[in-house]
Number of protein chains: 2
Amino acid sequence: MNSIKLIGFDLDDCLFDSTGLSERARIKGIDAMISLGLKIDREKAIKVIGEIVDEFGSNSSKHYNYFIRRLNQMEGNIEYISYNTRYKYIAAAVMAYHQEKVNSIRLYDDVKKCLVRLKNLSIKTAIITDGIPIKQYEKILRLKIDELIGLIIISDEIGIKKPNPELFNYWLKKFGVKGKETIYIGDRIDKDIVPANLNKIHTVYLHRGGKYDLTHVDLKIRGSLKPDYEISNLNELFDIIDDINNKET
Amino acid sequence: MNSIKLIGFDLDDCLFDSTGLSERARIKGIDAMISLGLKIDREKAIKVIGEIVDEFGSNSSKHYNYFIRRLNQMEGNIEYISYNTRYKYIAAAVMAYHQEKVNSIRLYDDVKKCLVRLKNLSIKTAIITDGIPIKQYEKILRLKIDELIGLIIISDEIGIKKPNPELFNYWLKKFGVKGKETIYIGDRIDKDIVPANLNKIHTVYLHRGGKYDLTHVDLKIRGSLKPDYEISNLNELFDIIDDINNKET
């Protein structure tokens, strides 16, 4: 008798390299402006756009607008960018950004195999994610995992957002399972591991090297902050499932 | 001595088939939802999305959101579309819509040749257009006519919108020319021909068969409504230039 009936995944930086993709896309935008004639040091431009993303949030749709406004305010800027030129640059940057996002999104190598294997084991799957619903679904459709995931839960749908543990409780109720019958896999201690731990879900911290990865974040891991397992490849998940199932029996 | 020094063009439905492209893209969106499982008669869906565009305006970014909301309200709708399914459909529709817009935008066959010929004749060119600046620039960049057009004037830049004749007066002042030294080519009597006529610009009505084309619109053409010339191919523009130059000399 299998104890583990359901496995949940975070989406961004867990199933695909969201941070890296966004960073590469933003740089494509910078390069598009430079090749249209924008006079700026490329490294400096990349630094500025990174600051803007930090300040205005990664979901803002106006990163390049702010970029141009900021250049026009900067000490020692090379030339004032006029209204018309501004929109030409912004349009070119947005086009290049989206092209990269559309063309280069792909699953981490271990994901598809893992989802297929879980399906064959009759273990149900879900994605639990924050973010803008239409954007999250766009990612899921482009990644072509719609058919392999049992349920997609987006915070926006139910008005409960990570790290609220109620979001994970909702997930358990939705499937009619107990925490101990499930595993949740994420890359954020604060938003994934803590609220899942509070629901007595088996927690797996997945190291992907993203911006919130433990190797980059100085967090003292103890108590409810501590994941039950740490892995760096989803292949390792099946040993964990066996481990839990063996302990239960 | 050439009298005609400057020629202005409307952008949408004048240099490319904007209406047709948008319609085709919207249908691609419908088809994407249907192939993901949306249960609706295709012809009915196309009719509904057309109504939504008329009601909410072609620049709304939420056509497919309204589409799903409307389906959920409709008498005899086949099934209620849940939150999750809704966003899956909307994401798929928006993806297909943008793909079509990006891949299928192209100039009318006569445009590039005409712009090159004007350049060789040392006649300056401009685009005068309403619309959202970033969207208008995206079109111009995708159509690759940036290098062939002398100046782009977008209403938003100067806070004067068609059919205000001041927009055309601004254009003349910008180049330091008189109305009689210029030609303006558009596909809208109300928004292009009338305000250009009021500035004594030589006006050319270009028949492209778009939604505002005279052949579709029941307008009595007289007085300031009347264009000086009507053409259906930009090749004919050069006879008009000769005609005006000959009259002047």
# chains A, B, ... in the order shown; residues from 1 in each chain; ligands from 1
>>> closest_atom_pairs(of="chain B", to="chain A", cutoff="6 Å", atoms="only C-alpha atoms", output="JSON lines")
{"residue": "B:Tyr87", "atom": "CA", "partner": "A:Ile134", "partner_atom": "CA", "distance": 5.5}
{"residue": "B:Lys88", "atom": "CA", "partner": "A:Tyr137", "partner_atom": "CA", "distance": 5.5}
{"residue": "B:Ala91", "atom": "CA", "partner": "A:Glu138", "partner_atom": "CA", "distance": 5.2}
{"residue": "B:Ile134", "atom": "CA", "partner": "A:Ala91", "partner_atom": "CA", "distance": 5.2}
{"residue": "B:Tyr137", "atom": "CA", "partner": "A:Lys88", "partner_atom": "CA", "distance": 5.5}
{"residue": "B:Glu138", "atom": "CA", "partner": "A:Ala91", "partner_atom": "CA", "distance": 5.2}
>>> write_last_selection(atoms="C-alpha atoms", output="short mmCIF file (atom, residue, chain, number, x, y, z; two decimals), in the first residue's frame")
data_model
loop_
_atom_site.label_atom_id
_atom_site.label_comp_id
_atom_site.auth_asym_id
_atom_site.auth_seq_id
_atom_site.Cartn_x
_atom_site.Cartn_y
_atom_site.Cartn_z
CA TYR B 87 -7.33 31.04 -17.99
CA LYS B 88 -6.03 28.10 -19.93
CA ALA B 91 -3.70 32.07 -22.45
CA ILE B 134 4.52 51.18 -28.54
CA TYR B 137 6.30 51.34 -33.39
CA GLU B 138 6.14 47.58 -33.12
#
>>> residues_around(residues="A:Asn199", least_positions_apart="4", cutoff="9 Å", atoms="only C-alpha atoms", output="PDB file with all heavy atoms, in the first residue's frame")
ATOM      1  N   PRO A 165      -0.397  29.193   4.776  1.00  0.00           N
ATOM      2  CA  PRO A 165      -0.529  27.727   4.770  1.00  0.00           C
ATOM      3  C   PRO A 165      -1.914  27.255   4.327  1.00  0.00           C
ATOM      4  O   PRO A 165      -2.072  26.092   3.926  1.00  0.00           O
ATOM      5  CB  PRO A 165      -0.241  27.329   6.220  1.00  0.00           C
ATOM      6  CG  PRO A 165      -0.330  28.574   7.021  1.00  0.00           C
ATOM      7  CD  PRO A 165      -0.056  29.716   6.121  1.00  0.00           C
ATOM      8  N   GLU A 166      -2.906  28.137   4.370  1.00  0.00           N
ATOM      9  CA  GLU A 166      -4.254  27.778   3.918  1.00  0.00           C
ATOM     10  C   GLU A 166      -4.285  27.352   2.451  1.00  0.00           C
ATOM     11  O   GLU A 166      -5.134  26.585   2.031  1.00  0.00           O
ATOM     12  CB  GLU A 166      -5.216  28.961   4.120  1.00  0.00           C
ATOM     13  CG  GLU A 166      -5.678  29.147   5.552  1.00  0.00           C
ATOM     14  CD  GLU A 166      -6.384  27.899   6.097  1.00  0.00           C
ATOM     15  OE1 GLU A 166      -7.238  27.339   5.375  1.00  0.00           O
ATOM     16  OE2 GLU A 166      -6.053  27.486   7.229  1.00  0.00           O
ATOM     17  N   PHE A 168      -2.103  25.538   0.992  1.00  0.00           N
ATOM     18  CA  PHE A 168      -1.731  24.121   0.945  1.00  0.00           C
ATOM     19  C   PHE A 168      -2.835  23.258   1.560  1.00  0.00           C
ATOM     20  O   PHE A 168      -3.073  22.139   1.116  1.00  0.00           O
ATOM     21  CB  PHE A 168      -0.379  23.916   1.635  1.00  0.00           C
ATOM     22  CG  PHE A 168       0.755  24.529   0.851  1.00  0.00           C
ATOM     23  CD1 PHE A 168       1.042  25.891   0.935  1.00  0.00           C
ATOM     24  CD2 PHE A 168       1.506  23.755  -0.016  1.00  0.00           C
ATOM     25  CE1 PHE A 168       2.060  26.461   0.192  1.00  0.00           C
ATOM     26  CE2 PHE A 168       2.534  24.312  -0.766  1.00  0.00           C
ATOM     27  CZ  PHE A 168       2.807  25.670  -0.665  1.00  0.00           C
ATOM     28  N   ASN A 169      -3.520  23.794   2.551  1.00  0.00           N
ATOM     29  CA  ASN A 169      -4.667  23.105   3.129  1.00  0.00           C
ATOM     30  C   ASN A 169      -5.785  22.944   2.088  1.00  0.00           C
ATOM     31  O   ASN A 169      -6.418  21.894   1.972  1.00  0.00           O
ATOM     32  CB  ASN A 169      -5.168  23.885   4.345  1.00  0.00           C
ATOM     33  CG  ASN A 169      -6.277  23.144   5.080  1.00  0.00           C
ATOM     34  OD1 ASN A 169      -6.250  21.918   5.173  1.00  0.00           O
ATOM     35  ND2 ASN A 169      -7.247  23.875   5.571  1.00  0.00           N
ATOM     36  N   LEU A 172      -4.895  20.087  -0.178  1.00  0.00           N
ATOM     37  CA  LEU A 172      -5.159  18.772   0.436  1.00  0.00           C
ATOM     38  C   LEU A 172      -6.656  18.447   0.400  1.00  0.00           C
ATOM     39  O   LEU A 172      -7.055  17.335   0.036  1.00  0.00           O
ATOM     40  CB  LEU A 172      -4.653  18.747   1.884  1.00  0.00           C
ATOM     41  CG  LEU A 172      -3.145  18.964   2.097  1.00  0.00           C
ATOM     42  CD1 LEU A 172      -2.808  18.967   3.586  1.00  0.00           C
ATOM     43  CD2 LEU A 172      -2.322  17.902   1.360  1.00  0.00           C
ATOM     44  N   LYS A 178      -4.483  13.522   3.162  1.00  0.00           N
ATOM     45  CA  LYS A 178      -3.812  14.103   4.340  1.00  0.00           C
ATOM     46  C   LYS A 178      -2.413  14.570   3.950  1.00  0.00           C
ATOM     47  O   LYS A 178      -1.825  14.059   3.000  1.00  0.00           O
ATOM     48  CB  LYS A 178      -3.716  13.039   5.435  1.00  0.00           C
ATOM     49  CG  LYS A 178      -5.058  12.564   5.956  1.00  0.00           C
ATOM     50  CD  LYS A 178      -4.864  11.840   7.293  1.00  0.00           C
ATOM     51  CE  LYS A 178      -6.205  11.459   7.895  1.00  0.00           C
ATOM     52  NZ  LYS A 178      -6.869  10.353   7.140  1.00  0.00           N
ATOM     53  N   GLY A 179      -1.880  15.498   4.737  1.00  0.00           N
ATOM     54  CA  GLY A 179      -0.537  16.009   4.480  1.00  0.00           C
ATOM     55  C   GLY A 179       0.487  14.901   4.345  1.00  0.00           C
ATOM     56  O   GLY A 179       1.327  14.914   3.436  1.00  0.00           O
ATOM     57  N   LYS A 180       0.401  13.919   5.243  1.00  0.00           N
ATOM     58  CA  LYS A 180       1.424  12.862   5.245  1.00  0.00           C
ATOM     59  C   LYS A 180       1.338  11.951   4.012  1.00  0.00           C
ATOM     60  O   LYS A 180       2.234  11.144   3.772  1.00  0.00           O
ATOM     61  CB  LYS A 180       1.350  12.025   6.531  1.00  0.00           C
ATOM     62  CG  LYS A 180       0.068  11.239   6.680  1.00  0.00           C
ATOM     63  CD  LYS A 180       0.116  10.353   7.918  1.00  0.00           C
ATOM     64  CE  LYS A 180      -1.148   9.493   7.983  1.00  0.00           C
ATOM     65  NZ  LYS A 180      -1.113   8.493   9.032  1.00  0.00           N
ATOM     66  N   VAL A 194       7.992  26.259   4.346  1.00  0.00           N
ATOM     67  CA  VAL A 194       7.346  26.589   5.622  1.00  0.00           C
ATOM     68  C   VAL A 194       5.843  26.292   5.607  1.00  0.00           C
ATOM     69  O   VAL A 194       5.348  25.551   6.465  1.00  0.00           O
ATOM     70  CB  VAL A 194       7.643  28.057   6.029  1.00  0.00           C
ATOM     71  CG1 VAL A 194       6.789  28.464   7.223  1.00  0.00           C
ATOM     72  CG2 VAL A 194       9.123  28.237   6.332  1.00  0.00           C
ATOM     73  N   PRO A 195       5.081  26.818   4.645  1.00  0.00           N
ATOM     74  CA  PRO A 195       3.631  26.558   4.688  1.00  0.00           C
ATOM     75  C   PRO A 195       3.278  25.089   4.451  1.00  0.00           C
ATOM     76  O   PRO A 195       2.283  24.608   4.995  1.00  0.00           O
ATOM     77  CB  PRO A 195       3.072  27.452   3.575  1.00  0.00           C
ATOM     78  CG  PRO A 195       4.226  27.774   2.696  1.00  0.00           C
ATOM     79  CD  PRO A 195       5.428  27.759   3.566  1.00  0.00           C
TER      80      PRO A 195
END
>>> residues_around(residues="stretch 241-246 of chain A", least_positions_apart="3", cutoff="7 Å", atoms="only C-alpha atoms", output="mmCIF file with C-alpha atoms, in the first residue's frame")
data_model
loop_
_atom_site.group_PDB
_atom_site.id
_atom_site.type_symbol
_atom_site.label_atom_id
_atom_site.label_comp_id
_atom_site.auth_asym_id
_atom_site.auth_seq_id
_atom_site.Cartn_x
_atom_site.Cartn_y
_atom_site.Cartn_z
ATOM 1 C CA ASN A 2 1.469 3.298 -1.082
ATOM 2 C CA SER A 3 1.357 6.105 1.405
ATOM 3 C CA ILE A 4 2.237 8.831 -1.079
ATOM 4 C CA LEU A 237 12.281 11.996 -5.807
ATOM 5 C CA PHE A 238 11.577 8.309 -6.312
ATOM 6 C CA THR A 249 4.527 0.240 6.310
#
>>> residues_around(residues="stretch 18-22 of chain B", least_positions_apart="5", cutoff="10 Å", atoms="only C-alpha atoms", output="list in words")
Leu11, Asp12, Asp13, Ile27, Lys28, Ser58, Tyr97, His98, Glu100, Lys101, Val102, Ser104, Ile105, Arg106, Leu107, Lys139, Gly209, Gly210, Lys211 and Tyr212 of chain B
>>> atom_distance(atom1="atom CA of B:Pro163", atom2="atom CA of B:Lys112")
26.7 Å
>>> select_by_dssp(residues="stretch 27-132 of chain B", states="strand (DSSP E)", output="mmCIF file with N, CA, C and O atoms, in the first residue's frame")
data_model
loop_
_atom_site.group_PDB
_atom_site.id
_atom_site.type_symbol
_atom_site.label_atom_id
_atom_site.label_comp_id
_atom_site.auth_asym_id
_atom_site.auth_seq_id
_atom_site.Cartn_x
_atom_site.Cartn_y
_atom_site.Cartn_z
ATOM 1 N N LYS B 124 10.496 63.842 -49.204
ATOM 2 C CA LYS B 124 10.484 63.371 -47.807
ATOM 3 C C LYS B 124 9.175 62.646 -47.496
ATOM 4 O O LYS B 124 8.157 62.878 -48.144
ATOM 5 N N THR B 125 9.243 61.787 -46.501
ATOM 6 C CA THR B 125 8.060 61.001 -46.141
ATOM 7 C C THR B 125 7.811 61.030 -44.631
ATOM 8 O O THR B 125 8.734 61.259 -43.847
ATOM 9 N N ALA B 126 6.552 60.800 -44.289
ATOM 10 C CA ALA B 126 6.180 60.717 -42.872
ATOM 11 C C ALA B 126 5.000 59.780 -42.725
ATOM 12 O O ALA B 126 4.250 59.548 -43.685
ATOM 13 N N ILE B 127 4.876 59.220 -41.536
ATOM 14 C CA ILE B 127 3.656 58.498 -41.163
ATOM 15 C C ILE B 127 2.974 59.336 -40.092
ATOM 16 O O ILE B 127 3.622 59.817 -39.166
ATOM 17 N N ILE B 128 1.676 59.545 -40.265
ATOM 18 C CA ILE B 128 0.899 60.240 -39.229
ATOM 19 C C ILE B 128 -0.175 59.273 -38.759
ATOM 20 O O ILE B 128 -1.011 58.834 -39.550
ATOM 21 N N THR B 129 -0.128 58.912 -37.497
ATOM 22 C CA THR B 129 -1.027 57.861 -37.028
ATOM 23 C C THR B 129 -1.497 58.084 -35.600
ATOM 24 O O THR B 129 -0.770 58.662 -34.780
#
>>> select_by_dssp(residues="stretch 86-116 of chain B", states="helix (DSSP H, G or I)", output="ChimeraX atom specification")
/B:86-104,111-116
